[in-house]
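The structure appears right after this line, and notes come after that.
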Amino acid sequence: MKAVDLWQRFKDSKKAVPSFNFTTADVALTAAKVVKKYSHYCLLSTSERELKFNTMEVVVGIVKGLKEQGFPVFLNLDHGRDLEIIKKAAGLGYDCIHFDGSTLPLGENIRITKEVVGLCRPHGISVEGEVGQIGGSSTVSDETTGASILTNVDEAIRFVKETGVNLLACSFGSFHGMVEGKTKVLDTAILEEIKKQVVVPFVLHGGSGIDNNEIRRAVDAGVVKINFNTELRLAWSAGIKEYQKEKPEDIIPANELAHADQKVEEVIEAKVKICLGINV
Ligand SMILES: [Zn+2]
């Protein structure tokens, strides 16, 4: 199945496909195992930051290897802003491209997104566009960094009609990262208004730090892709630190990573279940 078919399959199902960012192969493998166990799918995503550590060729190789082993995973370019990087990703075999032109004036955002759609569609690559600004970065902080601008309904409708994107990332109360002691409250009325005019599946960015009930409300309103990053980072980092504290003499990377991946697996499993509406 192609990624573009995923959205058709899940758009009216009240289920969502999770997207997990990864830097190291062990996290990608952990996610792949969990979604396979639940007979579900996931996107494995790389942002510019993650691609600074890896090369694009390396992450393509990791996901290709997982697919060859029968894992139901797709590779996604997260918040692509540079056309050259997008062209390279499309050429190397990324399944999904998120072009983030949200900081550009609407006309410019539409123009470049259309170009990305034209580039990707012949290859069956899914394109996600973005209208409105989703602030923050995928870390834990005391206060929100980078203000969000809620998606304007009329702009979103025009954007979808003119670009023909497969998915629309909206800013409707979420932000990237987590703020201590703060849960995110989503304004799903924005999605309901857009849906009255155009048919487009939605994407929820900044899925970490959102209560299960809020996530289910978003899925009920038409969200089919949910991005999770910060909670995975937290779990992985806590696992590494815990292991090093418990066994400072152990220098075998596989042991440390296995411990970190156990923590990551718990988070991923919880996110897959919420996306599928299991036990909520
Ligand atoms: Zn995002």
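Naming scheme: A, B, ... for chains in displayed order of the structure tokens; residues 1 onward per chain; ligands 1 onward as shown.
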Closest contacts (chain A/ligand 1, max 9 Å, only C-alpha atoms and all ligand atoms) as a tab-separated table:
```
residue	atom	partner	partner_atom_place_in_ligand_line	distance
A:Ser47	CA	ligand 1	1 (Zn)	8.7
A:Asp78	CA	ligand 1	1 (Zn)	6.8
A:His79	CA	ligand 1	1 (Zn)	6.3
A:Asp100	CA	ligand 1	1 (Zn)	8.8
A:Ile134	CA	ligand 1	1 (Zn)	7.0
A:Gly135	CA	ligand 1	1 (Zn)	8.5
A:Gly136	CA	ligand 1	1 (Zn)	8.9
A:Ser137	CA	ligand 1	1 (Zn)	8.3
A:Ser138	CA	ligand 1	1 (Zn)	8.4
A:Ala169	CA	ligand 1	1 (Zn)	8.3
A:Phe175	CA	ligand 1	1 (Zn)	7.9
A:His176	CA	ligand 1	1 (Zn)	6.2
A:Leu204	CA	ligand 1	1 (Zn)	8.0
A:His205	CA	ligand 1	1 (Zn)	4.5
A:Gly206	CA	ligand 1	1 (Zn)	5.9
A:Gly207	CA	ligand 1	1 (Zn)	8.9
A:Asn227	CA	ligand 1	1 (Zn)	6.7
A:Phe228	CA	ligand 1	1 (Zn)	8.7
A:Asn229	CA	ligand 1	1 (Zn)	8.9
```
Can you pull out every residue from stretch 63-148 of chain A that DSSP, working from the backbone, puts in helix (DSSP H, G or I), and format the result as a PDB file with N, CA and C atoms, in the first residue's frame?
```pdb
ATOM      1  N   VAL A  63      14.581   2.507   6.790  1.00  0.00           N
ATOM      2  CA  VAL A  63      13.152   2.238   6.552  1.00  0.00           C
ATOM      3  C   VAL A  63      12.969   1.202   5.433  1.00  0.00           C
ATOM      4  N   LYS A  64      13.846   1.230   4.442  1.00  0.00           N
ATOM      5  CA  LYS A  64      13.790   0.224   3.369  1.00  0.00           C
ATOM      6  C   LYS A  64      13.995  -1.172   3.970  1.00  0.00           C
ATOM      7  N   GLY A  65      14.955  -1.266   4.879  1.00  0.00           N
ATOM      8  CA  GLY A  65      15.223  -2.547   5.539  1.00  0.00           C
ATOM      9  C   GLY A  65      14.021  -3.045   6.330  1.00  0.00           C
ATOM     10  N   LEU A  66      13.370  -2.135   7.023  1.00  0.00           N
ATOM     11  CA  LEU A  66      12.173  -2.502   7.801  1.00  0.00           C
ATOM     12  C   LEU A  66      11.044  -2.970   6.878  1.00  0.00           C
ATOM     13  N   LYS A  67      10.863  -2.264   5.774  1.00  0.00           N
ATOM     14  CA  LYS A  67       9.811  -2.656   4.817  1.00  0.00           C
ATOM     15  C   LYS A  67      10.102  -4.044   4.249  1.00  0.00           C
ATOM     16  N   GLU A  68      11.370  -4.296   3.944  1.00  0.00           N
ATOM     17  CA  GLU A  68      11.731  -5.608   3.378  1.00  0.00           C
ATOM     18  C   GLU A  68      11.475  -6.744   4.362  1.00  0.00           C
ATOM     19  N   LEU A  83      13.233  23.366  -0.838  1.00  0.00           N
ATOM     20  CA  LEU A  83      12.832  22.594  -2.030  1.00  0.00           C
ATOM     21  C   LEU A  83      13.892  21.605  -2.483  1.00  0.00           C
ATOM     22  N   GLU A  84      15.153  21.969  -2.287  1.00  0.00           N
ATOM     23  CA  GLU A  84      16.220  21.049  -2.706  1.00  0.00           C
ATOM     24  C   GLU A  84      16.204  19.777  -1.860  1.00  0.00           C
ATOM     25  N   ILE A  85      15.981  19.950  -0.540  1.00  0.00           N
ATOM     26  CA  ILE A  85      15.896  18.785   0.357  1.00  0.00           C
ATOM     27  C   ILE A  85      14.667  17.946   0.000  1.00  0.00           C
ATOM     28  N   ILE A  86      13.575  18.624  -0.311  1.00  0.00           N
ATOM     29  CA  ILE A  86      12.338  17.917  -0.679  1.00  0.00           C
ATOM     30  C   ILE A  86      12.545  17.109  -1.962  1.00  0.00           C
ATOM     31  N   LYS A  87      13.191  17.716  -2.944  1.00  0.00           N
ATOM     32  CA  LYS A  87      13.453  17.001  -4.208  1.00  0.00           C
ATOM     33  C   LYS A  87      14.331  15.784  -3.966  1.00  0.00           C
ATOM     34  N   LYS A  88      15.319  15.957  -3.099  1.00  0.00           N
ATOM     35  CA  LYS A  88      16.218  14.840  -2.805  1.00  0.00           C
ATOM     36  C   LYS A  88      15.449  13.704  -2.108  1.00  0.00           C
ATOM     37  N   ALA A  89      14.613  14.077  -1.130  1.00  0.00           N
ATOM     38  CA  ALA A  89      13.829  13.064  -0.402  1.00  0.00           C
ATOM     39  C   ALA A  89      12.914  12.307  -1.358  1.00  0.00           C
ATOM     40  N   ALA A  90      12.264  13.057  -2.257  1.00  0.00           N
ATOM     41  CA  ALA A  90      11.355  12.413  -3.219  1.00  0.00           C
ATOM     42  C   ALA A  90      12.126  11.446  -4.112  1.00  0.00           C
ATOM     43  N   GLY A  91      13.310  11.859  -4.523  1.00  0.00           N
ATOM     44  CA  GLY A  91      14.129  11.015  -5.395  1.00  0.00           C
ATOM     45  C   GLY A  91      14.663   9.782  -4.703  1.00  0.00           C
ATOM     46  N   LEU A  92      14.909   9.897  -3.397  1.00  0.00           N
ATOM     47  CA  LEU A  92      15.494   8.770  -2.653  1.00  0.00           C
ATOM     48  C   LEU A  92      14.449   7.751  -2.188  1.00  0.00           C
ATOM     49  N   LEU A 106       0.258  33.609   2.462  1.00  0.00           N
ATOM     50  CA  LEU A 106      -0.573  32.513   1.947  1.00  0.00           C
ATOM     51  C   LEU A 106      -0.330  32.221   0.460  1.00  0.00           C
ATOM     52  N   GLY A 107      -0.258  33.273  -0.349  1.00  0.00           N
ATOM     53  CA  GLY A 107      -0.071  33.080  -1.795  1.00  0.00           C
ATOM     54  C   GLY A 107       1.224  32.334  -2.100  1.00  0.00           C
ATOM     55  N   GLU A 108       2.262  32.689  -1.388  1.00  0.00           N
ATOM     56  CA  GLU A 108       3.576  32.054  -1.568  1.00  0.00           C
ATOM     57  C   GLU A 108       3.534  30.601  -1.087  1.00  0.00           C
ATOM     58  N   ASN A 109       2.885  30.392   0.046  1.00  0.00           N
ATOM     59  CA  ASN A 109       2.711  29.039   0.590  1.00  0.00           C
ATOM     60  C   ASN A 109       1.977  28.162  -0.439  1.00  0.00           C
ATOM     61  N   ILE A 110       0.917  28.714  -1.023  1.00  0.00           N
ATOM     62  CA  ILE A 110       0.141  27.963  -2.028  1.00  0.00           C
ATOM     63  C   ILE A 110       1.012  27.662  -3.252  1.00  0.00           C
ATOM     64  N   ARG A 111       1.747  28.656  -3.707  1.00  0.00           N
ATOM     65  CA  ARG A 111       2.561  28.481  -4.924  1.00  0.00           C
ATOM     66  C   ARG A 111       3.602  27.365  -4.754  1.00  0.00           C
ATOM     67  N   ILE A 112       4.314  27.399  -3.629  1.00  0.00           N
ATOM     68  CA  ILE A 112       5.366  26.383  -3.448  1.00  0.00           C
ATOM     69  C   ILE A 112       4.753  25.011  -3.136  1.00  0.00           C
ATOM     70  N   THR A 113       3.674  25.000  -2.356  1.00  0.00           N
ATOM     71  CA  THR A 113       3.030  23.710  -2.055  1.00  0.00           C
ATOM     72  C   THR A 113       2.554  23.051  -3.350  1.00  0.00           C
ATOM     73  N   LYS A 114       2.002  23.864  -4.269  1.00  0.00           N
ATOM     74  CA  LYS A 114       1.563  23.316  -5.559  1.00  0.00           C
ATOM     75  C   LYS A 114       2.739  22.693  -6.318  1.00  0.00           C
ATOM     76  N   GLU A 115       3.869  23.361  -6.223  1.00  0.00           N
ATOM     77  CA  GLU A 115       5.067  22.851  -6.889  1.00  0.00           C
ATOM     78  C   GLU A 115       5.463  21.495  -6.294  1.00  0.00           C
ATOM     79  N   VAL A 116       5.376  21.404  -4.951  1.00  0.00           N
ATOM     80  CA  VAL A 116       5.726  20.146  -4.273  1.00  0.00           C
ATOM     81  C   VAL A 116       4.737  19.039  -4.668  1.00  0.00           C
ATOM     82  N   VAL A 117       3.466  19.396  -4.758  1.00  0.00           N
ATOM     83  CA  VAL A 117       2.453  18.407  -5.172  1.00  0.00           C
ATOM     84  C   VAL A 117       2.756  17.928  -6.592  1.00  0.00           C
ATOM     85  N   GLY A 118       3.099  18.856  -7.475  1.00  0.00           N
ATOM     86  CA  GLY A 118       3.417  18.500  -8.860  1.00  0.00           C
ATOM     87  C   GLY A 118       4.610  17.571  -8.953  1.00  0.00           C
ATOM     88  N   LEU A 119       5.544  17.792  -8.042  1.00  0.00           N
ATOM     89  CA  LEU A 119       6.776  16.987  -8.000  1.00  0.00           C
ATOM     90  C   LEU A 119       6.499  15.579  -7.459  1.00  0.00           C
ATOM     91  N   CYS A 120       5.628  15.507  -6.474  1.00  0.00           N
ATOM     92  CA  CYS A 120       5.422  14.252  -5.729  1.00  0.00           C
ATOM     93  C   CYS A 120       4.336  13.359  -6.316  1.00  0.00           C
ATOM     94  N   ARG A 121       3.284  13.967  -6.832  1.00  0.00           N
ATOM     95  CA  ARG A 121       2.126  13.170  -7.264  1.00  0.00           C
ATOM     96  C   ARG A 121       2.482  12.088  -8.290  1.00  0.00           C
ATOM     97  N   PRO A 122       3.308  12.388  -9.317  1.00  0.00           N
ATOM     98  CA  PRO A 122       3.619  11.330 -10.288  1.00  0.00           C
ATOM     99  C   PRO A 122       4.279  10.105  -9.662  1.00  0.00           C
ATOM    100  N   HIS A 123       4.916  10.296  -8.511  1.00  0.00           N
ATOM    101  CA  HIS A 123       5.600   9.172  -7.847  1.00  0.00           C
ATOM    102  C   HIS A 123       4.743   8.547  -6.745  1.00  0.00           C
TER     103      HIS A 123
END
```
Hey, can you check how far atom CA of A:Ala25 sits from atom CA of A:His259? 14.5 Å
Shortest interatomic distance to A:Asn21 - which of A:Ala218, A:Leu75, A:Ile62, A:Val179, counting only C-alpha atoms: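 When distances to A:Asn21 are compared using only C-alpha atoms, the smallest one comes from A:Leu75.
The space separating atom CA of A:Glu192 from atom CA of A:Leu43 comes to 25.0 Å.
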Hey, what does DSSP flag as strand (DSSP E or B) within stretch 4-213 of chain A? Can you give it to me as an MDAnalysis selection string? chainID A and resid 17:21 42:46 73:80 96:99 126:131 133 136:141 149 167:170 176:179 202:204
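Take atom CA of A:Glu143 and atom CA of A:Met178: the distance between them is 8.5 Å.
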Stretch 194-199 of chain A environment, 8 Å, only C-alpha atoms, sequence neighbours closer than 2 positions dropped, as a PyMOL selection string: chain A and resi 153-154+156-157+160-161+190-192+201
Pull all heavy atoms from the residues just selected and write them as a PDB file, in the first residue's frame.
```pdb
ATOM      1  N   VAL A 153      -9.877  29.567   8.853  1.00  0.00           N
ATOM      2  CA  VAL A 153     -10.703  28.601   8.110  1.00  0.00           C
ATOM      3  C   VAL A 153     -10.748  28.934   6.613  1.00  0.00           C
ATOM      4  O   VAL A 153     -10.546  28.057   5.764  1.00  0.00           O
ATOM      5  CB  VAL A 153     -12.133  28.550   8.706  1.00  0.00           C
ATOM      6  CG1 VAL A 153     -13.071  27.739   7.821  1.00  0.00           C
ATOM      7  CG2 VAL A 153     -12.092  27.965  10.118  1.00  0.00           C
ATOM      8  N   ASP A 154     -10.996  30.192   6.268  1.00  0.00           N
ATOM      9  CA  ASP A 154     -11.095  30.567   4.848  1.00  0.00           C
ATOM     10  C   ASP A 154      -9.773  30.341   4.114  1.00  0.00           C
ATOM     11  O   ASP A 154      -9.759  29.899   2.967  1.00  0.00           O
ATOM     12  CB  ASP A 154     -11.514  32.037   4.711  1.00  0.00           C
ATOM     13  CG  ASP A 154     -12.932  32.260   5.218  1.00  0.00           C
ATOM     14  OD1 ASP A 154     -13.723  31.288   5.189  1.00  0.00           O
ATOM     15  OD2 ASP A 154     -13.242  33.385   5.669  1.00  0.00           O
ATOM     16  N   ALA A 156      -7.496  28.141   4.924  1.00  0.00           N
ATOM     17  CA  ALA A 156      -7.288  26.692   4.802  1.00  0.00           C
ATOM     18  C   ALA A 156      -8.091  26.127   3.636  1.00  0.00           C
ATOM     19  O   ALA A 156      -7.583  25.295   2.864  1.00  0.00           O
ATOM     20  CB  ALA A 156      -7.684  26.002   6.109  1.00  0.00           C
ATOM     21  N   ILE A 157      -9.329  26.602   3.479  1.00  0.00           N
ATOM     22  CA  ILE A 157     -10.197  26.108   2.394  1.00  0.00           C
ATOM     23  C   ILE A 157      -9.586  26.480   1.037  1.00  0.00           C
ATOM     24  O   ILE A 157      -9.474  25.649   0.138  1.00  0.00           O
ATOM     25  CB  ILE A 157     -11.624  26.680   2.554  1.00  0.00           C
ATOM     26  CG1 ILE A 157     -12.281  26.051   3.790  1.00  0.00           C
ATOM     27  CG2 ILE A 157     -12.462  26.430   1.304  1.00  0.00           C
ATOM     28  CD1 ILE A 157     -13.510  26.783   4.291  1.00  0.00           C
ATOM     29  N   VAL A 160      -6.427  24.303   0.371  1.00  0.00           N
ATOM     30  CA  VAL A 160      -6.709  22.914  -0.038  1.00  0.00           C
ATOM     31  C   VAL A 160      -7.217  22.874  -1.476  1.00  0.00           C
ATOM     32  O   VAL A 160      -6.778  22.049  -2.289  1.00  0.00           O
ATOM     33  CB  VAL A 160      -7.730  22.259   0.927  1.00  0.00           C
ATOM     34  CG1 VAL A 160      -8.188  20.897   0.401  1.00  0.00           C
ATOM     35  CG2 VAL A 160      -7.131  22.112   2.316  1.00  0.00           C
ATOM     36  N   LYS A 161      -8.136  23.788  -1.815  1.00  0.00           N
ATOM     37  CA  LYS A 161      -8.700  23.804  -3.171  1.00  0.00           C
ATOM     38  C   LYS A 161      -7.620  24.072  -4.222  1.00  0.00           C
ATOM     39  O   LYS A 161      -7.613  23.468  -5.281  1.00  0.00           O
ATOM     40  CB  LYS A 161      -9.784  24.891  -3.277  1.00  0.00           C
ATOM     41  CG  LYS A 161     -11.110  24.478  -2.646  1.00  0.00           C
ATOM     42  CD  LYS A 161     -12.138  25.588  -2.829  1.00  0.00           C
ATOM     43  CE  LYS A 161     -13.481  25.166  -2.245  1.00  0.00           C
ATOM     44  NZ  LYS A 161     -14.415  26.300  -2.169  1.00  0.00           N
ATOM     45  N   ILE A 190     -12.519  24.415  14.475  1.00  0.00           N
ATOM     46  CA  ILE A 190     -11.805  24.879  13.274  1.00  0.00           C
ATOM     47  C   ILE A 190     -11.847  23.794  12.198  1.00  0.00           C
ATOM     48  O   ILE A 190     -12.125  24.059  11.023  1.00  0.00           O
ATOM     49  CB  ILE A 190     -10.342  25.257  13.634  1.00  0.00           C
ATOM     50  CG1 ILE A 190     -10.326  26.522  14.504  1.00  0.00           C
ATOM     51  CG2 ILE A 190      -9.479  25.437  12.390  1.00  0.00           C
ATOM     52  CD1 ILE A 190      -8.959  26.895  15.056  1.00  0.00           C
ATOM     53  N   LEU A 191     -11.610  22.550  12.602  1.00  0.00           N
ATOM     54  CA  LEU A 191     -11.622  21.442  11.648  1.00  0.00           C
ATOM     55  C   LEU A 191     -13.041  21.220  11.104  1.00  0.00           C
ATOM     56  O   LEU A 191     -13.219  20.976   9.909  1.00  0.00           O
ATOM     57  CB  LEU A 191     -11.110  20.150  12.307  1.00  0.00           C
ATOM     58  CG  LEU A 191      -9.749  20.222  13.023  1.00  0.00           C
ATOM     59  CD1 LEU A 191      -9.345  18.826  13.504  1.00  0.00           C
ATOM     60  CD2 LEU A 191      -8.673  20.802  12.123  1.00  0.00           C
ATOM     61  N   GLU A 192     -14.008  21.309  11.987  1.00  0.00           N
ATOM     62  CA  GLU A 192     -15.403  21.091  11.568  1.00  0.00           C
ATOM     63  C   GLU A 192     -15.809  22.124  10.514  1.00  0.00           C
ATOM     64  O   GLU A 192     -16.515  21.806   9.554  1.00  0.00           O
ATOM     65  CB  GLU A 192     -16.360  21.175  12.775  1.00  0.00           C
ATOM     66  CG  GLU A 192     -16.095  20.154  13.885  1.00  0.00           C
ATOM     67  CD  GLU A 192     -16.402  18.709  13.494  1.00  0.00           C
ATOM     68  OE1 GLU A 192     -16.952  18.483  12.405  1.00  0.00           O
ATOM     69  OE2 GLU A 192     -16.055  17.803  14.293  1.00  0.00           O
ATOM     70  N   PRO A 201      -8.176  15.123   4.867  1.00  0.00           N
ATOM     71  CA  PRO A 201      -7.833  14.599   6.192  1.00  0.00           C
ATOM     72  C   PRO A 201      -6.848  15.543   6.889  1.00  0.00           C
ATOM     73  O   PRO A 201      -6.008  16.161   6.235  1.00  0.00           O
ATOM     74  CB  PRO A 201      -7.164  13.253   5.875  1.00  0.00           C
ATOM     75  CG  PRO A 201      -7.375  13.014   4.420  1.00  0.00           C
ATOM     76  CD  PRO A 201      -7.584  14.342   3.783  1.00  0.00           C
TER      77      PRO A 201
END
```
Which residue out of A:Ser171, A:Thr183, A:Asn76, A:Thr24 has the minimum interatomic distance to A:Ala3 when only C-alpha atoms are used?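 Residue with the minimum atom-to-atom distance to A:Ala3: A:Asn76.
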Of the candidates A:Lys273, A:Arg233, A:Arg216, A:Lys36, which shows the shortest atom-to-atom distance to A:Thr188, using only C-alpha atoms? A:Arg216
